$ cat entry_8.csv   # CSV, C-alpha atoms
chain,number,residue,atom,x,y,z
A,1,MET,CA,84.4,77.1,152.8
A,2,LYS,CA,83.4,74.7,150.2
A,3,ARG,CA,85.4,71.5,150.6
A,4,ASP,CA,86.6,69.7,147.6
A,5,LYS,CA,85.0,66.3,147.1
A,6,LYS,CA,88.3,64.6,146.7
A,7,ILE,CA,89.7,66.3,149.9
A,8,THR,CA,86.6,65.1,151.7
A,9,GLN,CA,87.1,61.5,150.5
A,10,LEU,CA,90.8,61.7,151.4
A,11,ALA,CA,89.9,62.9,154.9
A,12,LYS,CA,87.4,60.1,155.4
A,13,LYS,CA,90.0,57.5,154.3
A,14,LEU,CA,92.6,59.1,156.7
A,15,VAL,CA,90.1,58.7,159.5
A,16,GLU,CA,89.6,55.0,158.6
A,17,LEU,CA,93.4,54.6,158.6
A,18,SER,CA,93.5,56.2,162.1
A,19,LYS,CA,91.4,53.4,163.6
A,20,ASP,CA,92.8,50.4,165.3
A,21,ASN,CA,90.1,47.7,165.6
A,22,GLY,CA,87.5,50.3,165.0
A,23,ILE,CA,88.8,52.7,167.5
A,24,VAL,CA,90.6,55.8,166.8
A,25,THR,CA,93.9,55.7,168.6
A,26,GLU,CA,96.6,58.3,169.1
A,27,ALA,CA,99.3,56.2,167.6
A,28,LYS,CA,97.4,55.6,164.4
A,29,VAL,CA,96.6,59.3,164.1
A,30,GLY,CA,100.3,60.1,164.5
A,31,GLU,CA,101.2,57.7,161.7
A,32,VAL,CA,98.6,59.2,159.4
A,33,LEU,CA,100.0,62.7,160.2
A,34,ALA,CA,103.5,61.6,159.5
A,35,GLY,CA,102.4,60.1,156.2
A,36,LEU,CA,100.7,63.4,155.3
A,37,LYS,CA,103.8,65.3,156.1
A,38,GLN,CA,105.8,63.1,153.7
A,39,VAL,CA,103.3,63.2,150.9
A,40,LYS,CA,103.2,67.1,150.8
A,41,HIS,CA,99.7,67.4,149.4
A,42,ARG,CA,99.0,70.5,147.3
A,43,HIS,CA,96.1,71.5,149.7
A,44,HIS,CA,97.9,70.3,152.7
A,45,LEU,CA,96.2,72.7,155.2
A,46,THR,CA,92.8,72.1,153.8
A,47,VAL,CA,93.3,68.3,154.1
A,48,LEU,CA,94.4,68.7,157.6
A,49,LYS,CA,91.4,70.8,158.6
A,50,THR,CA,89.0,68.4,157.0
A,51,PHE,CA,90.8,65.4,158.6
A,52,LEU,CA,90.5,67.1,162.0
A,53,THR,CA,86.7,67.7,161.5
A,54,TYR,CA,86.0,64.1,160.6
A,55,LEU,CA,88.3,62.9,163.3
A,56,ARG,CA,86.4,64.8,165.9
A,57,ARG,CA,83.1,63.5,164.6
A,58,GLU,CA,84.4,60.0,164.7
A,59,ILE,CA,85.7,60.4,168.3
A,60,ALA,CA,82.3,61.9,169.3
A,61,LEU,CA,80.6,58.8,167.8
A,62,GLN,CA,82.8,56.6,169.8
A,63,THR,CA,82.4,58.5,173.0
A,64,ALA,CA,79.4,58.5,175.4
A,65,VAL,CA,79.5,61.7,177.4
A,66,VAL,CA,77.7,60.9,180.6
A,67,SER,CA,76.5,64.1,182.4
A,68,THR,CA,75.5,63.8,186.0
A,69,PRO,CA,75.4,66.1,189.0
A,70,VAL,CA,77.1,63.5,191.2
A,71,GLY,CA,79.7,60.9,190.4
A,72,LEU,CA,78.7,57.5,189.0
A,73,SER,CA,80.2,54.2,190.0
A,74,ALA,CA,82.6,52.4,187.7
A,75,ASP,CA,80.1,49.5,187.2
A,76,ALA,CA,77.4,51.9,186.1
A,77,LEU,CA,79.8,53.5,183.5
A,78,LYS,CA,80.8,50.0,182.2
A,79,GLU,CA,77.1,49.0,181.9
A,80,ILE,CA,76.5,52.2,179.9
A,81,GLU,CA,79.5,51.5,177.6
A,82,ALA,CA,78.4,48.0,177.0
A,83,ASN,CA,74.8,49.0,176.3
A,84,PHE,CA,75.7,51.7,173.8
A,85,THR,CA,78.4,49.5,172.2
A,86,LYS,CA,75.7,47.0,171.6
A,87,ILE,CA,73.3,49.6,170.3
A,88,TYR,CA,75.6,51.3,167.8
A,89,GLY,CA,77.5,48.2,166.9
A,90,ARG,CA,80.9,49.9,167.5
A,91,PRO,CA,83.1,50.4,170.5
A,92,VAL,CA,81.9,53.3,172.6
A,93,SER,CA,83.8,54.6,175.6
A,94,ALA,CA,82.2,56.6,178.4
A,95,VAL,CA,83.5,59.8,179.9
A,96,THR,CA,81.8,61.5,182.8
A,97,GLN,CA,80.9,65.2,183.0
A,98,GLN,CA,79.4,67.0,186.1
A,99,ASP,CA,76.3,69.1,185.4
A,100,ILE,CA,74.4,70.3,188.5
A,101,SER,CA,71.7,71.8,186.4
A,102,LEU,CA,70.3,68.2,185.9
A,103,ILE,CA,69.4,68.2,189.6
A,104,ALA,CA,69.6,64.4,189.6
A,105,GLY,CA,69.8,61.5,187.1
A,106,VAL,CA,72.0,61.0,184.0
A,107,ARG,CA,72.2,62.4,180.5
A,108,VAL,CA,74.2,60.6,177.9
A,109,ARG,CA,75.2,62.1,174.5
A,110,VAL,CA,76.7,59.9,171.7
A,111,GLY,CA,77.4,62.1,168.7
A,112,ASP,CA,74.2,63.9,167.9
A,113,ASP,CA,72.0,61.5,170.0
A,114,VAL,CA,71.0,62.5,173.5
A,115,TYR,CA,69.6,60.0,176.1
A,116,ASP,CA,68.1,62.0,179.0
A,117,ALA,CA,67.2,60.4,182.3
A,118,SER,CA,67.6,63.5,184.5
A,119,VAL,CA,65.1,65.2,186.7
A,120,ALA,CA,65.6,68.5,184.8
A,121,GLY,CA,64.9,66.8,181.5
A,122,ARG,CA,61.8,65.1,182.8
A,123,LEU,CA,60.5,68.4,184.2
A,124,GLN,CA,61.2,70.0,180.8
A,125,ARG,CA,59.3,67.3,178.9
A,126,LEU,CA,56.5,67.6,181.4
A,127,ALA,CA,56.3,71.3,180.8
A,128,GLU,CA,56.3,70.7,177.0
A,129,ASN,CA,53.5,68.2,177.3
A,130,VAL,CA,51.4,70.7,179.3
A,131,HIS,CA,51.4,73.1,176.4
B,1,MET,CA,-41.5,145.9,89.3
B,2,PRO,CA,-37.9,145.2,87.9
B,3,ALA,CA,-36.4,148.0,90.0
B,4,VAL,CA,-37.6,146.5,93.3
B,5,CYS,CA,-36.3,143.1,92.2
B,6,GLY,CA,-32.9,144.5,91.4
B,7,SER,CA,-32.7,146.2,94.8
B,8,SER,CA,-33.5,143.0,96.6
B,9,ALA,CA,-30.9,141.1,94.6
B,10,LEU,CA,-28.4,143.9,95.5
B,11,SER,CA,-29.1,143.8,99.2
B,12,ASP,CA,-28.9,140.0,99.3
B,13,SER,CA,-25.7,139.5,97.4
B,14,PHE,CA,-23.8,142.6,98.5
B,15,LEU,CA,-22.2,141.2,101.6
B,16,SER,CA,-21.6,137.7,100.2
B,17,ASN,CA,-20.0,138.7,96.9
B,18,PRO,CA,-18.6,142.1,96.1
B,19,VAL,CA,-18.2,141.5,92.4
B,20,SER,CA,-21.8,140.3,92.1
B,21,SER,CA,-23.0,143.3,94.1
B,22,MET,CA,-21.2,145.6,91.8
B,23,LYS,CA,-22.8,144.0,88.8
B,24,ALA,CA,-26.1,144.2,90.5
B,25,THR,CA,-25.6,147.9,91.2
B,26,PHE,CA,-24.7,148.5,87.6
B,27,ILE,CA,-27.8,146.6,86.4
B,28,THR,CA,-29.9,148.6,88.9
B,29,LEU,CA,-28.6,151.9,87.5
B,30,LEU,CA,-29.5,150.7,84.1
B,31,LEU,CA,-33.0,149.8,85.1
B,32,ALA,CA,-33.5,153.1,87.0
B,33,LEU,CA,-32.4,155.1,84.0
B,34,SER,CA,-34.8,153.1,81.8
B,35,LEU,CA,-37.7,153.9,84.0
B,36,PRO,CA,-38.7,157.0,81.9
B,37,LEU,CA,-38.7,154.8,78.9
B,38,GLY,CA,-41.2,152.6,80.6
B,39,LEU,CA,-43.3,155.5,81.4
B,40,VAL,CA,-43.5,156.5,77.7
B,41,ALA,CA,-44.4,152.9,76.9
B,42,ALA,CA,-47.1,153.0,79.5
B,43,GLU,CA,-48.5,156.2,77.9
B,44,ASP,CA,-48.7,154.4,74.6
B,45,ALA,CA,-50.5,151.5,76.2
B,46,HIS,CA,-53.0,154.0,77.7
B,47,ALA,CA,-53.8,155.3,74.3
B,48,VAL,CA,-54.4,151.8,73.0
B,49,SER,CA,-56.7,151.1,75.9
B,50,HIS,CA,-58.5,154.3,75.3
B,51,ASP,CA,-59.2,153.3,71.7
B,52,ALA,CA,-60.4,149.9,72.9
B,53,VAL,CA,-62.8,151.5,75.3
B,54,SER,CA,-64.2,153.7,72.6
B,55,GLU,CA,-64.7,150.7,70.4
B,56,VAL,CA,-66.4,148.9,73.2
B,57,ALA,CA,-68.6,151.8,73.8
B,58,ASP,CA,-69.7,152.0,70.2
B,59,HIS,CA,-70.4,148.4,70.1
B,60,ALA,CA,-72.4,148.6,73.3
B,61,ALA,CA,-74.4,151.5,72.0
B,62,THR,CA,-75.5,149.3,69.2
B,63,LEU,CA,-76.8,146.7,71.6
B,64,THR,CA,-78.6,148.9,74.1
B,65,ASP,CA,-78.1,152.5,74.8
B,66,ALA,CA,-80.0,152.6,78.0
B,67,ALA,CA,-78.3,149.6,79.5
B,68,HIS,CA,-74.9,150.6,78.7
B,69,THR,CA,-74.9,154.3,79.1
B,70,ALA,CA,-73.6,154.1,82.6
B,71,VAL,CA,-70.8,151.7,81.6
B,72,GLU,CA,-69.6,153.9,78.8
B,73,ALA,CA,-69.7,156.9,80.9
B,74,HIS,CA,-67.8,155.2,83.6
B,75,GLY,CA,-65.1,153.9,81.1
B,76,GLU,CA,-64.5,157.1,79.5
B,77,GLU,CA,-64.2,158.8,82.8
B,78,ALA,CA,-61.6,156.4,84.0
B,79,ALA,CA,-59.5,156.5,80.8
B,80,HIS,CA,-59.6,160.2,80.7
B,81,GLU,CA,-58.5,160.4,84.2
B,82,GLU,CA,-55.5,158.0,83.7
B,83,GLY,CA,-54.4,159.8,80.6
B,84,ASN,CA,-54.4,163.0,82.4
B,85,LYS,CA,-52.2,161.6,85.1
B,86,LEU,CA,-49.5,160.4,82.8
B,87,THR,CA,-49.5,163.6,80.8
B,88,MET,CA,-49.2,165.5,84.0
B,89,ILE,CA,-46.2,163.4,85.2
B,90,THR,CA,-44.3,163.6,81.9
B,91,ASP,CA,-44.9,167.3,81.8
B,92,LYS,CA,-44.0,167.8,85.3
B,93,PHE,CA,-40.6,165.9,84.9
B,94,GLY,CA,-39.8,167.4,81.5
B,95,VAL,CA,-39.6,164.1,79.7
B,96,SER,CA,-39.3,164.2,76.0
B,97,LEU,CA,-38.7,161.2,73.7
B,98,PRO,CA,-35.7,162.4,71.7
B,99,THR,CA,-33.9,163.6,74.8
B,100,LEU,CA,-34.7,160.3,76.5
B,101,ILE,CA,-33.4,158.3,73.6
B,102,ALA,CA,-30.2,160.4,73.5
B,103,GLN,CA,-29.7,160.0,77.2
B,104,MET,CA,-30.2,156.2,76.8
B,105,ILE,CA,-27.6,156.1,74.1
B,106,ASN,CA,-25.2,158.2,76.1
B,107,PHE,CA,-25.9,156.1,79.1
B,108,CYS,CA,-25.2,152.9,77.2
B,109,LEU,CA,-21.9,154.3,76.0
B,110,VAL,CA,-20.9,155.4,79.4
B,111,ALA,CA,-22.0,152.1,80.8
B,112,PHE,CA,-20.1,150.2,78.2
B,113,VAL,CA,-16.9,152.3,78.8
B,114,LEU,CA,-17.3,151.9,82.6
B,115,TYR,CA,-17.9,148.2,82.3
B,116,LYS,CA,-15.0,147.7,79.9
B,117,PHE,CA,-12.3,149.8,81.6
B,118,ALA,CA,-13.4,150.1,85.2
B,119,VAL,CA,-15.8,147.4,86.3
B,120,LYS,CA,-14.1,144.6,84.5
B,121,PRO,CA,-10.5,145.2,85.8
B,122,ILE,CA,-11.9,145.9,89.3
B,123,ALA,CA,-13.9,142.7,89.1
B,124,ALA,CA,-10.9,140.8,87.9
B,125,THR,CA,-8.9,142.3,90.8
B,126,LEU,CA,-11.7,141.5,93.2
B,127,ASP,CA,-11.9,138.0,91.8
B,128,GLU,CA,-8.2,137.5,92.3
B,129,ARG,CA,-8.4,138.8,95.8
B,130,GLN,CA,-11.4,136.7,96.4
B,131,GLN,CA,-9.5,133.7,95.1
B,132,LYS,CA,-6.5,134.6,97.4
B,133,ILE,CA,-8.9,135.0,100.3
B,134,ALA,CA,-10.5,131.7,99.5
B,135,ASP,CA,-7.1,130.1,99.2
B,136,GLY,CA,-6.1,131.7,102.4
B,137,LEU,CA,-9.2,130.5,104.1
B,138,GLN,CA,-8.7,127.0,102.7
B,139,TYR,CA,-5.0,127.1,103.8
B,140,ALA,CA,-6.1,128.3,107.2
B,141,GLU,CA,-8.7,125.5,107.3
B,142,GLU,CA,-6.0,123.0,106.3
B,143,MET,CA,-3.7,124.4,108.9
B,144,LYS,CA,-6.4,124.2,111.4
B,145,THR,CA,-7.0,120.6,110.5
B,146,GLN,CA,-3.3,119.9,110.6
B,147,LEU,CA,-3.1,121.7,113.9
B,148,ALA,CA,-5.9,119.6,115.3
B,149,GLU,CA,-4.2,116.5,113.9
B,150,ALA,CA,-0.9,117.6,115.4
B,151,GLU,CA,-2.6,118.4,118.7
B,152,ARG,CA,-4.2,115.0,118.7
B,153,GLU,CA,-0.9,113.3,117.9
B,154,ARG,CA,0.8,115.3,120.6
B,155,ALA,CA,-1.8,114.3,123.1
B,156,GLU,CA,-1.5,110.7,122.0
B,157,LYS,CA,2.3,110.9,122.3
B,158,ILE,CA,2.0,112.5,125.7
B,159,LYS,CA,-0.3,109.8,126.8
B,160,GLN,CA,2.0,107.2,125.4
B,161,ALA,CA,5.0,108.9,127.1
B,162,ALA,CA,3.1,109.0,130.3
B,163,ALA,CA,2.3,105.3,130.1
B,164,ASP,CA,5.9,104.5,129.2
B,165,ALA,CA,7.1,106.7,132.1
B,166,GLN,CA,4.7,105.0,134.4
B,167,LYS,CA,5.9,101.6,133.2
B,168,ILE,CA,9.6,102.6,133.6
B,169,LEU,CA,8.8,104.0,137.1
B,170,THR,CA,7.1,100.8,138.1
B,171,GLU,CA,10.0,98.7,136.8
B,172,SER,CA,12.5,101.0,138.5
B,173,ARG,CA,10.6,100.6,141.8
B,174,GLU,CA,10.5,96.8,141.4
B,175,GLN,CA,14.2,96.8,140.6
B,176,SER,CA,15.0,99.1,143.5
B,177,LYS,CA,13.0,96.9,145.8
B,178,GLU,CA,14.8,93.8,144.6
B,179,MET,CA,18.1,95.5,144.9
B,180,ILE,CA,17.2,96.7,148.4
B,181,GLU,CA,16.3,93.1,149.4
B,182,GLN,CA,19.4,91.8,147.8
B,183,LYS,CA,21.6,94.3,149.5
B,184,THR,CA,19.9,93.7,152.8
B,185,GLN,CA,20.5,90.0,152.5
B,186,GLU,CA,24.1,90.6,151.5
B,187,ALA,CA,24.5,93.0,154.4
B,188,ALA,CA,23.0,90.4,156.8
B,189,ALA,CA,25.3,87.8,155.4
B,190,GLN,CA,28.3,90.1,155.7
B,191,ALA,CA,27.3,90.9,159.2
B,192,GLU,CA,26.9,87.3,160.0
B,193,ALA,CA,30.4,86.5,158.5
B,194,ILE,CA,31.9,89.4,160.5
B,195,ILE,CA,30.3,88.1,163.7
B,196,ARG,CA,31.5,84.6,162.9
B,197,LYS,CA,35.0,85.8,162.1
B,198,ALA,CA,35.0,87.9,165.3
B,199,SER,CA,33.9,84.9,167.3
B,200,GLU,CA,36.6,82.7,165.7
B,201,ALA,CA,39.2,85.4,166.4
B,202,THR,CA,38.0,85.7,169.9
B,203,GLU,CA,38.1,81.9,170.3
B,204,LEU,CA,41.6,81.8,168.8
B,205,GLU,CA,42.7,84.6,171.1
B,206,ARG,CA,41.2,82.8,174.0
B,207,GLN,CA,42.9,79.6,173.1
B,208,LYS,CA,46.2,81.4,172.6
B,209,MET,CA,45.8,83.1,176.0
B,210,LEU,CA,45.1,79.7,177.6
B,211,SER,CA,48.1,78.3,175.9
B,212,ASP,CA,50.2,81.1,177.1
B,213,VAL,CA,48.9,80.7,180.6
B,214,ARG,CA,49.5,77.0,180.5
B,215,GLN,CA,53.0,77.6,179.2
B,216,GLU,CA,53.8,80.2,181.8
B,217,VAL,CA,52.3,78.0,184.5
B,218,ALA,CA,54.3,75.1,183.3
B,219,ARG,CA,57.4,77.1,183.2
B,220,LEU,CA,56.8,78.4,186.7
B,221,VAL,CA,56.1,74.9,187.9
B,222,VAL,CA,59.2,73.5,186.3
B,223,ALA,CA,61.3,76.4,187.6
B,224,THR,CA,59.8,76.1,191.1
B,225,SER,CA,60.2,72.3,191.1
B,226,SER,CA,63.7,72.5,189.9
B,227,LYS,CA,64.6,74.9,192.6
B,228,VAL,CA,62.8,72.9,195.3
B,229,LEU,CA,64.3,69.6,194.1
B,230,SER,CA,67.8,71.0,193.8
B,231,ARG,CA,67.5,72.5,197.3
B,232,ASP,CA,65.7,69.7,199.0
B,233,LEU,CA,67.3,66.6,197.5
B,234,SER,CA,70.2,65.4,199.5
B,235,ASP,CA,73.4,64.1,197.9
B,236,SER,CA,72.5,60.5,198.7
B,237,GLU,CA,69.1,60.9,197.1
B,238,LYS,CA,70.7,62.4,194.0
B,239,GLN,CA,73.2,59.5,193.9
B,240,THR,CA,70.5,57.0,194.2
B,241,PHE,CA,68.4,58.6,191.5
B,242,SER,CA,71.5,58.9,189.2
B,243,ASP,CA,72.3,55.2,189.6
B,244,SER,CA,68.8,54.3,188.9
B,245,ALA,CA,68.9,56.5,185.8
B,246,ALA,CA,72.2,55.0,184.7
B,247,LYS,CA,70.7,51.5,185.1
B,248,GLU,CA,67.7,52.6,183.1
B,249,LEU,CA,70.0,53.9,180.3
B,250,ALA,CA,72.1,50.8,180.5
B,251,GLY,CA,69.1,48.7,179.9
B,252,ALA,CA,67.5,50.9,177.3
B,253,GLY,CA,68.6,48.8,174.4
B,254,ASN,CA,67.4,45.5,175.9
$ encode --input "entry_8.csv" --output "structure tokens"
Amino acid sequence: MKRDKKITQLAKKLVELSKDNGIVTEAKVGEVLAGLKQVKHRHHLTVLKTFLTYLRREIALQTAVVSTPVGLSADALKEIEANFTKIYGRPVSAVTQQDISLIAGVRVRVGDDVYDASVAGRLQRLAENVH
Amino acid sequence: MPAVCGSSALSDSFLSNPVSSMKATFITLLLALSLPLGLVAAEDAHAVSHDAVSEVADHAATLTDAAHTAVEAHGEEAAHEEGNKLTMITDKFGVSLPTLIAQMINFCLVAFVLYKFAVKPIAATLDERQQKIADGLQYAEEMKTQLAEAERERAEKIKQAAADAQKILTESREQSKEMIEQKTQEAAAQAEAIIRKASEATELERQKMLSDVRQEVARLVVATSSKVLSRDLSDSEKQTFSDSAAKELAGAGN
């Protein structure tokens, strides 16, 4: 579906309005949705879908998904959050995800960027370098 | 001897020229028919000579009878003997002067008529035929000359054509030789190119096979290593490695 340029700009502005100190919060999102409900936009459904897409993208950019076969300590997670907050220049929160296919180590995904420090990833890179 | 001379002329010219031979025959007939006239004239001459002899005898008698008696007797005897012979011939052949003259006139008339109405047209016809034959012979001679010329030109053209054919054949052989050499070189170049391409294809195939082998080996190594590591690593080792990796990622930006 081809999105209208105005709808896209409106969705991006709504996402900016959903941030509180640069972080998307549930309360802000609720306020924005309430405002949309009152405005009754002509393409209300399309605006909502576009807003949801950009909101998920923004949340993904603010979230560091840490995949590991075993659990990590809280200090390690905080260090990762601090490091990626510093790298991207915006608040990044870390969430853990168990993945036993990594064998050992950690893989962090922030948005479309992947940082792999796992045994499976290293073996995969080794195999690719052998080619 | 006019008759003998006429016969000789007839025999000489008969084969060479029919018109001349006819004329000669006609003249010969005239001469043969005039022979009796000649005999009469000879008889007259004999009479004259006989008178002369008598005169000589008379004159000699005046000089010396004794010395010339024998001569006179001898001359008389000879003249008398010759006169007797002529008389005997004319009598024997029944020749008389009026008859001879009439015959000569008749003969002249017949000869004139024959010459005017027979010999002359025939001679003209023969002349015409002779001219035609001569023209034909000349034409044949010209044709023969032209034939010889044409034969010579034909031989010359055949010779020229043979030379041209030989030249063309030589050029064709040279061109075919050059073409064969060129085609041989092209074939050699093509064969070399084919061999080179085949070598390159073989090398590429070998490289591809090696790559496939490496890839497969790597895949097997990775799979085996993964299985071995996931089976042999203990939880504590995995935890230690994960913490180490987390610290590594935490310090990646620094």
$ interface_residues --input "entry_8.csv" --of "chain A" --to "chain B" --cutoff "8 Å" --atoms "all atoms listed in the file" --output "JSON list (two decimals) with C-alpha atoms, keeping the file's coordinate frame"
[["chain", "number", "residue", "atom", "x", "y", "z"],
["A", 68, "THR", "CA", 75.50, 63.80, 186.00],
["A", 69, "PRO", "CA", 75.40, 66.10, 189.00],
["A", 70, "VAL", "CA", 77.10, 63.50, 191.20],
["A", 71, "GLY", "CA", 79.70, 60.90, 190.40],
["A", 72, "LEU", "CA", 78.70, 57.50, 189.00],
["A", 73, "SER", "CA", 80.20, 54.20, 190.00],
["A", 76, "ALA", "CA", 77.40, 51.90, 186.10],
["A", 77, "LEU", "CA", 79.80, 53.50, 183.50],
["A", 79, "GLU", "CA", 77.10, 49.00, 181.90],
["A", 80, "ILE", "CA", 76.50, 52.20, 179.90],
["A", 81, "GLU", "CA", 79.50, 51.50, 177.60],
["A", 82, "ALA", "CA", 78.40, 48.00, 177.00],
["A", 83, "ASN", "CA", 74.80, 49.00, 176.30],
["A", 84, "PHE", "CA", 75.70, 51.70, 173.80],
["A", 86, "LYS", "CA", 75.70, 47.00, 171.60],
["A", 87, "ILE", "CA", 73.30, 49.60, 170.30],
["A", 103, "ILE", "CA", 69.40, 68.20, 189.60],
["A", 104, "ALA", "CA", 69.60, 64.40, 189.60],
["A", 105, "GLY", "CA", 69.80, 61.50, 187.10],
["A", 106, "VAL", "CA", 72.00, 61.00, 184.00],
["A", 115, "TYR", "CA", 69.60, 60.00, 176.10],
["A", 117, "ALA", "CA", 67.20, 60.40, 182.30],
["A", 118, "SER", "CA", 67.60, 63.50, 184.50],
["A", 120, "ALA", "CA", 65.60, 68.50, 184.80],
["A", 123, "LEU", "CA", 60.50, 68.40, 184.20],
["A", 124, "GLN", "CA", 61.20, 70.00, 180.80],
["A", 127, "ALA", "CA", 56.30, 71.30, 180.80],
["A", 128, "GLU", "CA", 56.30, 70.70, 177.00],
["A", 130, "VAL", "CA", 51.40, 70.70, 179.30],
["A", 131, "HIS", "CA", 51.40, 73.10, 176.40]]
$ atom_distance --input "entry_8.csv" --atom1 "CA of Ala134 (chain B)" --atom2 "CA of Tyr115 (chain B)"
25.0 Å
$ atom_distance --input "entry_8.csv" --atom1 "CA of Leu97 (chain B)" --atom2 "CA of Leu114 (chain B)"
25.0 Å
$ atom_distance --input "entry_8.csv" --atom1 "CA of Ala94 (chain A)" --atom2 "CA of Lys78 (chain A)"
7.7 Å
$ residues_around --input "entry_8.csv" --residues "Ala11 (chain A)" --least-positions-apart "2" --cutoff "6 Å" --atoms "only C-alpha atoms" --output "list of chain:residue names"
A:Thr8, A:Gln9, A:Lys13, A:Leu14, A:Thr50, A:Phe51
$ residues_near_point --input "entry_8.csv" --point "(80.1, 57.0, 172.4)" --cutoff "9 Å" --atoms "all atoms listed in the file" --output "VMD selection string"
chain A and resid 59 to 65 81 84 to 85 88 90 to 95 108 to 111
$ build_atoms --input "entry_8.csv" --residues "region 18-31 of chain A" --atoms "N, CA, C and O atoms" --output "PDB file, keeping the file's coordinate frame"
ATOM      1  N   SER A  18      93.089  55.877 160.712  1.00  0.00           N
ATOM      2  CA  SER A  18      93.500  56.200 162.100  1.00  0.00           C
ATOM      3  C   SER A  18      92.846  55.275 163.111  1.00  0.00           C
ATOM      4  O   SER A  18      93.065  55.442 164.313  1.00  0.00           O
ATOM      5  N   LYS A  19      92.037  54.305 162.649  1.00  0.00           N
ATOM      6  CA  LYS A  19      91.400  53.400 163.600  1.00  0.00           C
ATOM      7  C   LYS A  19      92.238  52.136 163.761  1.00  0.00           C
ATOM      8  O   LYS A  19      92.876  51.664 162.820  1.00  0.00           O
ATOM      9  N   ASP A  20      92.143  51.627 164.982  1.00  0.00           N
ATOM     10  CA  ASP A  20      92.800  50.400 165.300  1.00  0.00           C
ATOM     11  C   ASP A  20      91.710  49.492 165.955  1.00  0.00           C
ATOM     12  O   ASP A  20      91.238  49.778 167.048  1.00  0.00           O
ATOM     13  N   ASN A  21      91.277  48.495 165.186  1.00  0.00           N
ATOM     14  CA  ASN A  21      90.100  47.700 165.600  1.00  0.00           C
ATOM     15  C   ASN A  21      88.870  48.496 165.811  1.00  0.00           C
ATOM     16  O   ASN A  21      88.108  48.319 166.764  1.00  0.00           O
ATOM     17  N   GLY A  22      88.689  49.453 164.908  1.00  0.00           N
ATOM     18  CA  GLY A  22      87.500  50.300 165.000  1.00  0.00           C
ATOM     19  C   GLY A  22      87.535  51.416 165.901  1.00  0.00           C
ATOM     20  O   GLY A  22      86.560  52.171 166.004  1.00  0.00           O
ATOM     21  N   ILE A  23      88.681  51.579 166.580  1.00  0.00           N
ATOM     22  CA  ILE A  23      88.800  52.700 167.500  1.00  0.00           C
ATOM     23  C   ILE A  23      89.921  53.584 167.116  1.00  0.00           C
ATOM     24  O   ILE A  23      91.005  53.110 166.744  1.00  0.00           O
ATOM     25  N   VAL A  24      89.625  54.855 167.141  1.00  0.00           N
ATOM     26  CA  VAL A  24      90.600  55.800 166.800  1.00  0.00           C
ATOM     27  C   VAL A  24      91.651  55.919 167.933  1.00  0.00           C
ATOM     28  O   VAL A  24      91.289  56.178 169.073  1.00  0.00           O
ATOM     29  N   THR A  25      92.887  55.665 167.553  1.00  0.00           N
ATOM     30  CA  THR A  25      93.900  55.700 168.600  1.00  0.00           C
ATOM     31  C   THR A  25      94.919  56.799 168.246  1.00  0.00           C
ATOM     32  O   THR A  25      95.033  57.228 167.093  1.00  0.00           O
ATOM     33  N   GLU A  26      95.629  57.235 169.275  1.00  0.00           N
ATOM     34  CA  GLU A  26      96.600  58.300 169.100  1.00  0.00           C
ATOM     35  C   GLU A  26      97.754  57.907 168.249  1.00  0.00           C
ATOM     36  O   GLU A  26      98.247  58.707 167.425  1.00  0.00           O
ATOM     37  N   ALA A  27      98.141  56.650 168.380  1.00  0.00           N
ATOM     38  CA  ALA A  27      99.300  56.200 167.600  1.00  0.00           C
ATOM     39  C   ALA A  27      98.978  56.143 166.124  1.00  0.00           C
ATOM     40  O   ALA A  27      99.760  56.603 165.277  1.00  0.00           O
ATOM     41  N   LYS A  28      97.803  55.656 165.806  1.00  0.00           N
ATOM     42  CA  LYS A  28      97.400  55.600 164.400  1.00  0.00           C
ATOM     43  C   LYS A  28      97.295  57.009 163.812  1.00  0.00           C
ATOM     44  O   LYS A  28      97.698  57.257 162.683  1.00  0.00           O
ATOM     45  N   VAL A  29      96.746  57.916 164.616  1.00  0.00           N
ATOM     46  CA  VAL A  29      96.600  59.300 164.100  1.00  0.00           C
ATOM     47  C   VAL A  29      97.998  59.887 163.873  1.00  0.00           C
ATOM     48  O   VAL A  29      98.221  60.582 162.874  1.00  0.00           O
ATOM     49  N   GLY A  30      98.965  59.564 164.752  1.00  0.00           N
ATOM     50  CA  GLY A  30     100.300  60.100 164.500  1.00  0.00           C
ATOM     51  C   GLY A  30     100.909  59.527 163.264  1.00  0.00           C
ATOM     52  O   GLY A  30     101.567  60.254 162.494  1.00  0.00           O
ATOM     53  N   GLU A  31     100.658  58.250 162.981  1.00  0.00           N
ATOM     54  CA  GLU A  31     101.200  57.700 161.700  1.00  0.00           C
ATOM     55  C   GLU A  31     100.583  58.341 160.512  1.00  0.00           C
ATOM     56  O   GLU A  31     101.276  58.642 159.528  1.00  0.00           O
TER      57      GLU A  31
END
